[in-house]
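**Student:** mmCIF, C-alpha atoms and all ligand atoms, file start-v5.cif:
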```cif
data_data
#
loop_
_atom_site.label_atom_id
_atom_site.label_comp_id
_atom_site.auth_asym_id
_atom_site.auth_seq_id
_atom_site.Cartn_x
_atom_site.Cartn_y
_atom_site.Cartn_z
CA MET A 530 14.71 -16.34 -11.49
CA LEU A 531 16.94 -15.88 -8.45
CA GLU A 532 15.42 -13.54 -5.90
CA SER A 533 16.73 -12.26 -2.59
CA PRO A 534 14.28 -13.00 0.24
CA HIS A 535 11.80 -10.27 1.07
CA ILE A 536 12.34 -8.58 4.45
CA PRO A 537 9.22 -7.04 6.03
CA VAL A 538 9.71 -3.50 7.36
CA LEU A 539 9.47 -2.57 11.05
CA PRO A 540 8.76 -6.23 11.92
CA SER A 541 9.16 -6.19 15.70
CA GLU A 542 7.49 -2.78 15.96
CA VAL A 543 4.38 -4.01 14.08
CA ILE A 544 4.16 -7.10 16.27
CA ALA A 545 4.65 -5.06 19.48
CA LEU A 546 1.69 -2.85 18.50
CA LEU A 547 -0.50 -5.84 17.61
CA GLN A 548 0.39 -7.40 20.98
CA GLN A 549 -1.25 -4.44 22.68
CA THR A 550 -4.62 -5.93 21.72
CA LYS A 551 -6.73 -6.24 24.86
CA SER A 552 -7.96 -9.72 24.05
CA PRO A 553 -6.27 -12.27 26.36
CA ASN A 554 -6.56 -14.88 23.61
CA PRO A 555 -6.51 -13.13 20.23
CA LYS A 556 -8.12 -15.24 17.52
CA TRP A 557 -8.44 -13.04 14.42
CA PHE A 558 -5.94 -10.90 12.53
CA LEU A 559 -6.09 -9.38 9.05
CA ASP A 560 -3.24 -8.49 6.69
CA GLY A 561 -4.76 -6.13 4.10
CA THR A 562 -1.59 -5.97 1.97
CA ALA A 563 -0.25 -9.52 1.81
CA GLY A 564 2.62 -8.74 -0.61
CA GLU A 565 5.29 -11.40 -0.13
CA GLY A 566 3.67 -12.62 3.10
CA GLY A 567 6.45 -11.20 5.27
CA HIS A 568 4.30 -9.64 8.00
CA SER A 569 1.68 -12.38 7.70
CA LYS A 570 4.23 -15.06 8.61
CA LEU A 571 5.28 -13.06 11.66
CA ILE A 572 1.67 -12.66 12.79
CA LEU A 573 0.95 -16.37 12.37
CA LYS A 574 4.11 -17.28 14.31
CA THR A 575 3.52 -14.79 17.12
CA PHE A 576 -0.10 -15.80 17.63
CA PRO A 577 -0.08 -19.57 17.05
CA GLU A 578 -3.77 -19.96 17.87
CA ALA A 579 -5.00 -17.14 15.69
CA ASN A 580 -6.46 -17.13 12.18
CA LEU A 581 -5.37 -14.68 9.51
CA ILE A 582 -7.51 -13.05 6.83
CA LEU A 583 -5.04 -12.51 4.00
CA ILE A 584 -5.85 -9.85 1.40
CA ASP A 585 -4.17 -8.39 -1.65
CA ARG A 586 -5.60 -6.47 -4.61
CA ASP A 587 -3.10 -8.15 -6.86
CA ALA A 588 -3.88 -11.81 -7.56
CA VAL A 589 -0.21 -12.50 -8.35
CA MET A 590 0.88 -11.14 -4.97
CA LEU A 591 -1.81 -13.05 -3.08
CA GLU A 592 -0.55 -16.31 -4.61
CA ARG A 593 3.05 -15.39 -3.79
CA ALA A 594 2.10 -14.67 -0.16
CA LYS A 595 0.20 -17.98 0.18
CA LYS A 596 3.10 -19.90 -1.33
CA GLU A 597 5.57 -18.23 1.01
CA ILE A 598 3.44 -18.90 4.12
CA LEU A 599 3.02 -22.53 3.08
CA ARG A 600 6.77 -22.87 2.49
CA GLU A 601 7.69 -21.51 5.92
CA LEU A 602 4.82 -22.63 8.14
CA GLY A 603 3.98 -25.86 6.32
CA SER A 604 0.24 -25.18 6.22
CA LEU A 605 -2.39 -22.67 5.18
CA GLU A 606 -4.90 -24.05 7.65
CA ARG A 607 -5.22 -20.80 9.60
CA VAL A 608 -5.18 -18.59 6.50
CA HIS A 609 -8.29 -17.28 4.73
CA ALA A 610 -7.28 -15.58 1.50
CA PHE A 611 -9.26 -13.00 -0.51
CA GLN A 612 -8.18 -11.24 -3.68
CA MET A 613 -9.75 -7.85 -3.05
CA ASN A 614 -9.16 -4.25 -2.07
CA PHE A 615 -8.76 -3.83 1.70
CA SER A 616 -10.96 -0.74 1.44
CA GLU A 617 -13.88 -3.08 0.73
CA VAL A 618 -13.56 -5.18 3.88
CA ASP A 619 -16.78 -5.30 5.85
CA GLU A 620 -18.67 -7.54 8.26
CA SER A 621 -19.90 -9.78 5.42
CA ILE A 622 -16.31 -10.69 4.45
CA LEU A 623 -15.50 -11.45 8.08
CA SER A 624 -18.62 -13.53 8.61
CA GLU A 625 -17.79 -15.65 5.55
CA VAL A 626 -14.96 -17.14 7.59
CA GLY A 627 -16.79 -17.12 10.92
CA CYS A 628 -15.05 -14.02 12.31
CA GLU A 629 -17.03 -11.58 14.46
CA GLY A 630 -14.38 -8.88 14.75
CA LEU A 631 -10.65 -8.38 14.43
CA ASP A 632 -8.12 -8.44 17.27
CA GLY A 633 -5.60 -6.79 14.98
CA ALA A 634 -5.03 -5.62 11.41
CA LEU A 635 -2.15 -4.33 9.32
CA VAL A 636 -1.85 -2.39 6.10
CA ASP A 637 1.61 -1.88 4.61
CA LEU A 638 0.80 0.64 1.89
CA GLY A 639 2.12 0.91 -1.66
CA VAL A 640 3.47 -1.75 -3.99
CA SER A 641 6.06 -4.51 -3.64
CA LEU A 642 9.57 -4.72 -4.99
CA PHE A 643 8.18 -7.53 -7.16
CA HIS A 644 6.02 -4.98 -9.01
CA PHE A 645 9.10 -2.97 -9.98
CA LEU A 646 11.38 -5.88 -10.77
CA HIS A 647 9.27 -8.66 -12.23
CA SER A 648 5.61 -7.74 -12.84
CA GLY A 649 6.21 -6.54 -16.43
CA ARG A 650 3.51 -3.87 -15.91
CA GLY A 651 5.60 -0.75 -16.42
CA PHE A 652 6.05 0.31 -12.78
CA THR A 653 9.68 1.14 -13.52
CA PHE A 654 11.50 3.26 -16.08
CA LYS A 655 14.38 0.80 -15.93
CA ASN A 656 12.84 -1.78 -18.30
CA GLU A 657 10.91 -1.37 -21.52
CA GLU A 658 7.43 -2.60 -20.55
CA PRO A 659 3.81 -1.72 -21.43
CA LEU A 660 2.79 1.39 -19.49
CA ASP A 661 0.10 -0.32 -17.41
CA MET A 662 0.70 -0.03 -13.60
CA ARG A 663 -2.64 -1.59 -12.60
CA LEU A 664 -2.64 -3.69 -9.44
CA GLU A 665 -5.85 -5.37 -10.60
CA PRO A 666 -5.52 -5.64 -14.39
CA GLN A 667 -8.54 -7.96 -14.51
CA VAL A 668 -11.03 -5.31 -13.34
CA GLY A 669 -10.50 -3.08 -16.37
CA MET A 670 -9.43 0.13 -14.70
CA LYS A 671 -7.60 2.77 -16.74
CA THR A 672 -3.93 2.05 -17.40
CA ALA A 673 -1.04 4.48 -16.94
CA ALA A 674 -0.91 4.77 -20.75
CA ASP A 675 -4.61 5.78 -20.75
CA VAL A 676 -3.87 8.51 -18.19
CA VAL A 677 -0.88 9.81 -20.17
CA ASN A 678 -2.55 9.61 -23.59
CA TYR A 679 -6.04 10.90 -22.79
CA SER A 680 -5.96 13.23 -19.74
CA SER A 681 -6.13 17.00 -20.10
CA ILE A 682 -2.96 18.96 -19.58
CA LEU A 683 -4.32 20.36 -16.31
CA HIS A 684 -5.20 16.92 -15.00
CA LEU A 685 -1.71 15.62 -15.82
CA LYS A 686 -0.15 18.62 -14.11
CA LYS A 687 -2.32 18.06 -11.03
CA VAL A 688 -1.40 14.36 -10.84
CA PHE A 689 2.34 15.04 -11.20
CA TRP A 690 2.26 17.95 -8.76
CA GLU A 691 0.00 16.44 -6.10
CA TYR A 692 1.11 12.80 -6.16
CA GLY A 693 4.71 13.28 -7.28
CA GLU A 694 5.45 16.72 -5.78
CA GLU A 695 7.21 17.30 -9.13
CA ARG A 696 8.14 20.98 -9.66
CA TRP A 697 8.42 20.43 -13.44
CA ALA A 698 4.84 19.10 -13.54
CA LEU A 699 3.46 21.69 -16.00
CA LYS A 700 6.39 21.44 -18.40
CA ILE A 701 6.20 17.63 -18.43
CA ALA A 702 2.41 17.68 -18.90
CA ASN A 703 2.77 20.16 -21.74
CA ASN A 704 5.45 18.09 -23.46
CA ILE A 705 3.33 14.94 -23.12
CA VAL A 706 0.38 16.63 -24.82
CA GLN A 707 2.59 17.93 -27.67
CA THR A 708 4.19 14.51 -28.19
CA ARG A 709 1.07 12.30 -28.04
CA HIS A 710 -0.48 14.13 -31.02
CA LYS A 711 2.22 12.52 -33.12
CA LYS A 712 2.52 9.18 -31.36
CA LYS A 713 0.76 7.73 -28.31
CA PHE A 714 2.81 6.63 -25.31
CA GLU A 715 3.00 2.85 -25.11
CA THR A 716 5.91 1.84 -22.91
CA SER A 717 7.62 2.87 -19.70
CA THR A 718 10.70 3.94 -21.65
CA ASP A 719 8.62 6.21 -23.96
CA LEU A 720 7.60 8.12 -20.86
CA ALA A 721 10.97 8.01 -19.10
CA LYS A 722 12.65 9.51 -22.19
CA LEU A 723 10.13 12.34 -22.35
CA VAL A 724 10.66 13.18 -18.67
CA GLU A 725 14.44 13.12 -19.10
CA ALA A 726 14.13 15.53 -22.02
CA SER A 727 11.74 17.83 -20.10
CA ILE A 728 13.93 18.51 -17.06
CA PRO A 729 17.21 20.35 -17.67
CA ARG A 730 20.08 18.09 -16.67
CA LYS A 731 21.36 20.48 -14.01
CA PHE A 732 18.02 20.06 -12.16
CA TRP A 733 18.02 16.24 -12.20
CA PRO A 734 17.86 14.83 -8.64
CA LYS A 735 21.19 13.53 -7.37
CA GLU A 736 20.05 10.24 -5.89
CA SER A 737 17.26 9.12 -8.19
CA HIS A 738 16.24 8.99 -11.84
CA PRO A 739 14.43 12.17 -12.99
CA ALA A 740 11.31 10.12 -13.82
CA THR A 741 10.97 8.58 -10.33
CA ARG A 742 8.37 11.11 -9.09
CA ILE A 743 6.33 10.94 -12.31
CA PHE A 744 6.16 7.15 -12.14
CA GLN A 745 5.10 7.30 -8.47
CA ALA A 746 2.43 9.87 -9.30
CA LEU A 747 0.98 7.80 -12.15
CA ARG A 748 0.90 4.63 -10.04
CA ILE A 749 -1.01 6.45 -7.29
CA GLU A 750 -3.47 7.88 -9.84
CA VAL A 751 -4.05 4.61 -11.71
CA ASN A 752 -4.74 2.63 -8.54
CA GLU A 753 -6.40 5.48 -6.60
CA GLU A 754 -4.08 4.57 -3.76
CA LEU A 755 -4.78 7.53 -1.47
CA LEU A 756 -8.54 7.17 -1.75
CA HIS A 757 -8.31 3.48 -0.83
CA ALA A 758 -5.94 4.20 2.06
CA ASP A 759 -8.44 6.57 3.65
CA LYS A 760 -11.45 4.38 2.91
CA GLY A 761 -9.60 1.23 4.00
CA ILE A 762 -8.47 2.59 7.36
CA ARG A 763 -12.07 3.52 8.15
CA ALA A 764 -13.35 0.13 6.94
CA LEU A 765 -10.85 -1.83 9.03
CA ALA A 766 -11.31 0.38 12.10
CA LYS A 767 -15.01 -0.38 11.89
CA VAL A 768 -14.54 -4.17 12.05
CA LEU A 769 -12.05 -4.14 14.94
CA LYS A 770 -13.18 -5.66 18.24
CA ILE A 771 -13.11 -3.42 21.30
CA GLY A 772 -9.44 -3.48 22.32
CA GLY A 773 -8.40 -4.44 18.76
CA VAL A 774 -5.46 -2.69 17.12
CA LEU A 775 -5.01 -1.31 13.58
CA THR A 776 -1.44 -0.71 12.38
CA CYS A 777 -0.48 1.19 9.20
CA ILE A 778 2.87 1.50 7.48
CA SER A 779 3.35 4.29 4.94
CA PHE A 780 6.30 5.13 2.69
CA HIS A 781 5.87 8.74 1.61
CA SER A 782 4.51 11.93 3.08
CA LEU A 783 1.24 11.80 1.10
CA GLU A 784 0.38 8.39 2.51
CA ASP A 785 1.49 9.27 6.03
CA ARG A 786 -0.65 12.41 5.95
CA ILE A 787 -3.70 10.29 5.11
CA VAL A 788 -2.95 7.80 7.91
CA LYS A 789 -2.34 10.59 10.43
CA TRP A 790 -5.47 12.58 9.59
CA THR A 791 -7.75 9.57 9.28
CA PHE A 792 -6.55 8.35 12.69
CA ARG A 793 -7.19 11.84 14.16
CA ASP A 794 -10.64 11.89 12.61
CA LEU A 795 -11.45 8.51 14.12
CA LYS A 796 -10.09 9.53 17.53
CA ALA A 797 -12.37 12.58 17.46
CA THR A 798 -15.37 10.22 17.52
CA ASP A 799 -14.28 8.97 20.99
CA HIS A 800 -14.35 5.35 19.81
CA PHE A 801 -10.61 5.14 19.19
CA GLU A 802 -7.32 5.90 20.87
CA ILE A 803 -4.10 6.65 18.99
CA LEU A 804 -1.29 4.37 20.23
CA THR A 805 1.55 6.23 18.51
CA LYS A 806 1.74 9.97 19.31
CA LYS A 807 4.54 10.18 16.75
CA PRO A 808 5.12 7.66 13.95
CA ILE A 809 7.51 4.81 14.72
CA LEU A 810 10.54 4.92 12.40
CA PRO A 811 13.08 2.22 11.49
CA THR A 812 16.32 2.18 13.48
CA ASP A 813 19.64 2.96 11.77
CA GLN A 814 20.40 -0.74 12.01
CA GLU A 815 17.21 -1.70 10.16
CA ILE A 816 17.88 0.87 7.42
CA LYS A 817 21.39 -0.56 7.04
CA GLU A 818 20.06 -4.10 6.70
CA ASN A 819 16.96 -3.25 4.64
CA ARG A 820 17.20 -0.08 2.55
CA ALA A 821 13.55 -0.42 1.57
CA SER A 822 12.65 0.55 5.16
CA ARG A 823 14.34 3.96 5.05
CA SER A 824 11.20 6.04 4.51
CA ALA A 825 8.75 3.81 6.44
CA LYS A 826 6.49 5.23 9.16
CA LEU A 827 4.30 3.11 11.41
CA ARG A 828 1.20 4.28 13.28
CA GLY A 829 -1.24 2.39 15.49
CA LEU A 830 -4.85 2.86 16.61
CA MET A 831 -7.01 0.98 19.14
CA LYS A 832 -10.78 0.75 19.25
CA ILE A 833 -11.86 1.60 22.80
CA HIS A 834 -15.64 1.98 22.65
CA PRO A 835 -18.31 0.31 20.54
CA ILE A 836 -19.69 2.32 17.64
CA LYS A 837 -23.39 2.88 18.09
CA GLU A 838 -23.97 5.35 15.27
CA ASN A 839 -22.48 6.17 11.90
CA ARG A 840 -21.48 9.78 12.48
CA TRP A 841 -17.76 8.97 12.14
CA GLU A 842 -18.13 7.44 8.71
CA LYS A 843 -17.39 9.41 5.55
C1 LIG B 901 4.43 -3.00 0.54
S1 LIG B 901 3.65 -4.42 -0.11
C2 LIG B 901 3.30 -5.39 1.33
C3 LIG B 901 4.45 -6.24 1.79
C4 LIG B 901 4.09 -7.20 2.91
N1 LIG B 901 3.73 -6.51 4.11
C5 LIG B 901 5.21 -8.19 3.17
O1 LIG B 901 5.84 -8.08 4.22
O2 LIG B 901 5.46 -9.03 2.34
C6 LIG B 901 2.06 -3.82 -0.52
C7 LIG B 901 1.10 -4.84 -1.12
O3 LIG B 901 -0.21 -4.32 -0.97
C8 LIG B 901 -0.96 -4.53 -2.13
N2 LIG B 901 -1.97 -3.44 -2.12
C9 LIG B 901 -1.76 -2.14 -2.36
N3 LIG B 901 -2.90 -1.45 -2.20
C10 LIG B 901 -3.85 -2.35 -1.83
C11 LIG B 901 -5.24 -2.24 -1.51
N4 LIG B 901 -5.88 -1.06 -1.52
N5 LIG B 901 -5.90 -3.37 -1.17
C12 LIG B 901 -5.26 -4.57 -1.13
N6 LIG B 901 -3.95 -4.73 -1.45
C13 LIG B 901 -3.25 -3.63 -1.78
C14 LIG B 901 0.03 -4.50 -3.26
O4 LIG B 901 -0.43 -5.28 -4.34
C15 LIG B 901 1.27 -5.11 -2.60
O5 LIG B 901 1.33 -6.51 -2.82
#
```
Show how you would write the structure in this file as structure tokens.
**Tutor:**
Amino acid sequence: MLESPHIPVLPSEVIALLQQTKSPNPKWFLDGTAGEGGHSKLILKTFPEANLILIDRDAVMLERAKKEILRELGSLERVHAFQMNFSEVDESILSEVGCEGLDGALVDLGVSLFHFLHSGRGFTFKNEEPLDMRLEPQVGMKTAADVVNYSSILHLKKVFWEYGEERWALKIANNIVQTRHKKKFETSTDLAKLVEASIPRKFWPKESHPATRIFQALRIEVNEELLHADKGIRALAKVLKIGGVLTCISFHSLEDRIVKWTFRDLKATDHFEILTKKPILPTDQEIKENRASRSAKLRGLMKIHPIKENRWEK
């Protein structure tokens, strides 16, 4: 399969934030969303003496990232890989590799282009695939088909409205419930067809498929993405060293809202300082060269005082 190389978003901006770490000789970084290894390679190249804790929820992506790092850097000696959710990082994970705190960490939220194009897990309405959408199929979470086939009409409406900002949420939820009595939804195209039929053609968005928002909403629900974003930012902030930097890239307003408010919450504890008053956006040039960057927003946070009590934790 011929694939165009993955380009990480906001590359120099992420590195510039990580370089603000106060440590004169930074030794430990963490990439909580390894993906195709794009940002990880940059981190390893920028800090040639540092180690990298490499994490992805999706075992397939973790392997792809490791392979890519090995291909470009020739070694995985400085890489410590864990297939896990970044929201579960804690001191015990760090101590397993002899790390006492992070000089810098990155999370680049969402899923990879690979998930849409090649995972075969129904992330896209463009191919006929099982309606799955799980990032960790091995842990037995509910699939997108389970959500569609067994949720109440009100729950479906809430998911489509809150995670997809879809104004036809109730109509689509209602049509799903009517249809599944006769036949359960099995594939991505079953669902895409229902959404197409539920939204009058004159209200179809101009630049995207009418099912785009519904697919995004289901993916967020299946993987509990917003919950893990909030929990993960707090978990990573906790294991930063004093002077360590946490950077977060988001791709839609729901994610950015979580990053912004969790950062504000952490700042209110007086242990953290926000490094980006406003989010850093891609330049016109970057958007031209990498369309995937067009909705990206980057924010950074630094730990400034040790945490002596747990009052800032949720
Ligand atoms: C946007 S991609 C990251 C791309 C990467 N920065 C690069 O340059 O190649 C997001 C990745 O994060 C993973 N992911 C999403 N949520 C996660 C979570 N809560 N914990 C760990 N990995 C997660 C996805 O499986 C996906 O591979």
**Student:** Show me which residues line ligand LIG 901 (chain B), defined as having an atom within 9 Å of a ligand atom where all atoms listed in the file count, and present them as number ranges by chain.
**Tutor:** A: 535-538, 540, 560-571, 584-591, 594, 612-617, 635-644, 664-665, 752-758, 760-761, 778-780
**Student:** Which one of A:Leu599, A:Met831, A:Cys628, A:Ala821 sits closest to Val774 (chain A) if you count all atoms listed in the file?
**Tutor:**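 Counting all atoms listed in the file, the residue closest to Val774 (chain A) is A:Met831.
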**Student:** Distance CA of Arg820 (chain A)-CA of Phe645 (chain A), one decimal place?
**Tutor:** 15.2 Å
**Student:** Pull the neighbourhood of (-5.1, 4.1, 19.2) for me: all residues within 12 Å in file coordinates, counting only C-alpha atoms, as number ranges by chain.
**Tutor:** A: 546-547, 549-551, 633, 766, 769, 771-777, 789, 791-797, 799-807, 828-834
**Student:** Could you give me, as a Markdown table, every region 716-790 of chain A residue with an atom at most 9 Å from region 677-694 of chain A, plus its closest atom pair and distance in Å to one decimal, counting all atoms listed in the file, rows ordered by chain then number?
**Tutor:**
```
| residue | atom | partner | partner_atom | distance |
| --- | --- | --- | --- | --- |
| A:Leu720 | CA | A:Val677 | CA | 8.7 |
| A:Thr741 | CA | A:Gly693 | CA | 8.4 |
| A:Arg742 | CA | A:Gly693 | CA | 4.6 |
| A:Ile743 | CA | A:Gly693 | CA | 5.8 |
| A:Phe744 | CA | A:Gly693 | CA | 8.0 |
| A:Gln745 | CA | A:Gly693 | CA | 6.1 |
| A:Ala746 | CA | A:Tyr692 | CA | 4.5 |
| A:Leu747 | CA | A:Val688 | CA | 7.1 |
| A:Ile749 | CA | A:Tyr692 | CA | 6.8 |
| A:Glu750 | CA | A:Val688 | CA | 6.9 |
| A:Leu783 | CA | A:Tyr692 | CA | 7.3 |
```
**Student:** For CA of Leu723 (chain A) and CA of Ile705 (chain A), determine how far apart the two atoms are, in Å to one decimal place.
**Tutor:**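 Rounded to one decimal, the two atoms are 7.3 Å apart.
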**Student:** Out of A:Asn554, A:Leu827, A:Pro666, A:Leu765, which residue has the shortest atom-to-atom distance to Val788 (chain A) when counting only C-alpha atoms?
**Tutor:**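 Of the candidates, the smallest distance to Val788 (chain A) is held by A:Leu827.
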**Student:** List as a PDB file with C-alpha atoms, in the frame of the given file: which residues have an atom within 12 Å of (6.6, -7.1, -15.6), counting all atoms listed in the file?
**Tutor:**
```pdb
ATOM      1  CA  VAL A 589      -0.210 -12.500  -8.350  1.00  0.00           C
ATOM      2  CA  LEU A 642       9.570  -4.720  -4.990  1.00  0.00           C
ATOM      3  CA  PHE A 643       8.180  -7.530  -7.160  1.00  0.00           C
ATOM      4  CA  HIS A 644       6.020  -4.980  -9.010  1.00  0.00           C
ATOM      5  CA  PHE A 645       9.100  -2.970  -9.980  1.00  0.00           C
ATOM      6  CA  LEU A 646      11.380  -5.880 -10.770  1.00  0.00           C
ATOM      7  CA  HIS A 647       9.270  -8.660 -12.230  1.00  0.00           C
ATOM      8  CA  SER A 648       5.610  -7.740 -12.840  1.00  0.00           C
ATOM      9  CA  GLY A 649       6.210  -6.540 -16.430  1.00  0.00           C
ATOM     10  CA  ARG A 650       3.510  -3.870 -15.910  1.00  0.00           C
ATOM     11  CA  GLY A 651       5.600  -0.750 -16.420  1.00  0.00           C
ATOM     12  CA  PHE A 652       6.050   0.310 -12.780  1.00  0.00           C
ATOM     13  CA  THR A 653       9.680   1.140 -13.520  1.00  0.00           C
ATOM     14  CA  PHE A 654      11.500   3.260 -16.080  1.00  0.00           C
ATOM     15  CA  LYS A 655      14.380   0.800 -15.930  1.00  0.00           C
ATOM     16  CA  ASN A 656      12.840  -1.780 -18.300  1.00  0.00           C
ATOM     17  CA  GLU A 657      10.910  -1.370 -21.520  1.00  0.00           C
ATOM     18  CA  GLU A 658       7.430  -2.600 -20.550  1.00  0.00           C
ATOM     19  CA  PRO A 659       3.810  -1.720 -21.430  1.00  0.00           C
ATOM     20  CA  LEU A 660       2.790   1.390 -19.490  1.00  0.00           C
ATOM     21  CA  ASP A 661       0.100  -0.320 -17.410  1.00  0.00           C
ATOM     22  CA  MET A 662       0.700  -0.030 -13.600  1.00  0.00           C
ATOM     23  CA  ARG A 663      -2.640  -1.590 -12.600  1.00  0.00           C
ATOM     24  CA  LEU A 664      -2.640  -3.690  -9.440  1.00  0.00           C
ATOM     25  CA  THR A 716       5.910   1.840 -22.910  1.00  0.00           C
ATOM     26  CA  SER A 717       7.620   2.870 -19.700  1.00  0.00           C
TER      27      SER A 717
END
```
**Student:** Just give me the gap between CA of Ser727 (chain A) and CA of Val751 (chain A) in Å, one decimal is fine.
**Tutor:** 22.2 Å
**Student:** With only C-alpha atoms as the atoms that count, which of A:Ala764, A:Val676, A:Ala825, A:Leu559 lies nearest to Arg607 (chain A)?
**Tutor:**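 Answer, going by the shortest atom-to-atom distance: A:Leu559.
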**Student:** Nearest to Leu581 (chain A): which of A:Ile544, A:Ile622, A:Ala674, A:Leu631 is it, counting only C-alpha atoms?
**Tutor:**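 Result for the nearest residue to Leu581 (chain A): A:Leu631.
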**Student:** Write out N, CA and C atoms for region 728-739 of chain A, as a tab-separated table (two decimals), in the frame of the given file.
**Tutor:**
```
chain	number	residue	atom	x	y	z
A	728	ILE	N	13.28	17.87	-18.22
A	728	ILE	CA	13.93	18.51	-17.06
A	728	ILE	C	15.39	18.79	-17.41
A	729	PRO	N	15.80	20.06	-17.36
A	729	PRO	CA	17.21	20.35	-17.67
A	729	PRO	C	18.13	19.52	-16.77
A	730	ARG	N	19.21	19.03	-17.37
A	730	ARG	CA	20.08	18.09	-16.67
A	730	ARG	C	20.59	18.63	-15.32
A	731	LYS	N	20.83	19.94	-15.27
A	731	LYS	CA	21.36	20.48	-14.01
A	731	LYS	C	20.32	20.42	-12.87
A	732	PHE	N	19.04	20.18	-13.20
A	732	PHE	CA	18.02	20.06	-12.16
A	732	PHE	C	17.64	18.59	-11.87
A	733	TRP	N	18.32	17.65	-12.47
A	733	TRP	CA	18.02	16.24	-12.20
A	733	TRP	C	18.37	15.93	-10.74
A	734	PRO	N	17.52	15.17	-10.04
A	734	PRO	CA	17.86	14.83	-8.64
A	734	PRO	C	19.15	14.02	-8.57
A	735	LYS	N	19.88	14.18	-7.44
A	735	LYS	CA	21.19	13.53	-7.37
A	735	LYS	C	21.09	12.02	-7.13
A	736	GLU	N	20.07	11.64	-6.31
A	736	GLU	CA	20.05	10.24	-5.89
A	736	GLU	C	19.01	9.38	-6.58
A	737	SER	N	18.27	9.96	-7.52
A	737	SER	CA	17.26	9.12	-8.19
A	737	SER	C	17.14	9.54	-9.65
A	738	HIS	N	16.48	8.70	-10.42
A	738	HIS	CA	16.24	8.99	-11.84
A	738	HIS	C	15.23	10.15	-11.92
A	739	PRO	N	15.36	11.03	-12.91
A	739	PRO	CA	14.43	12.17	-12.99
A	739	PRO	C	12.97	11.76	-13.16
```
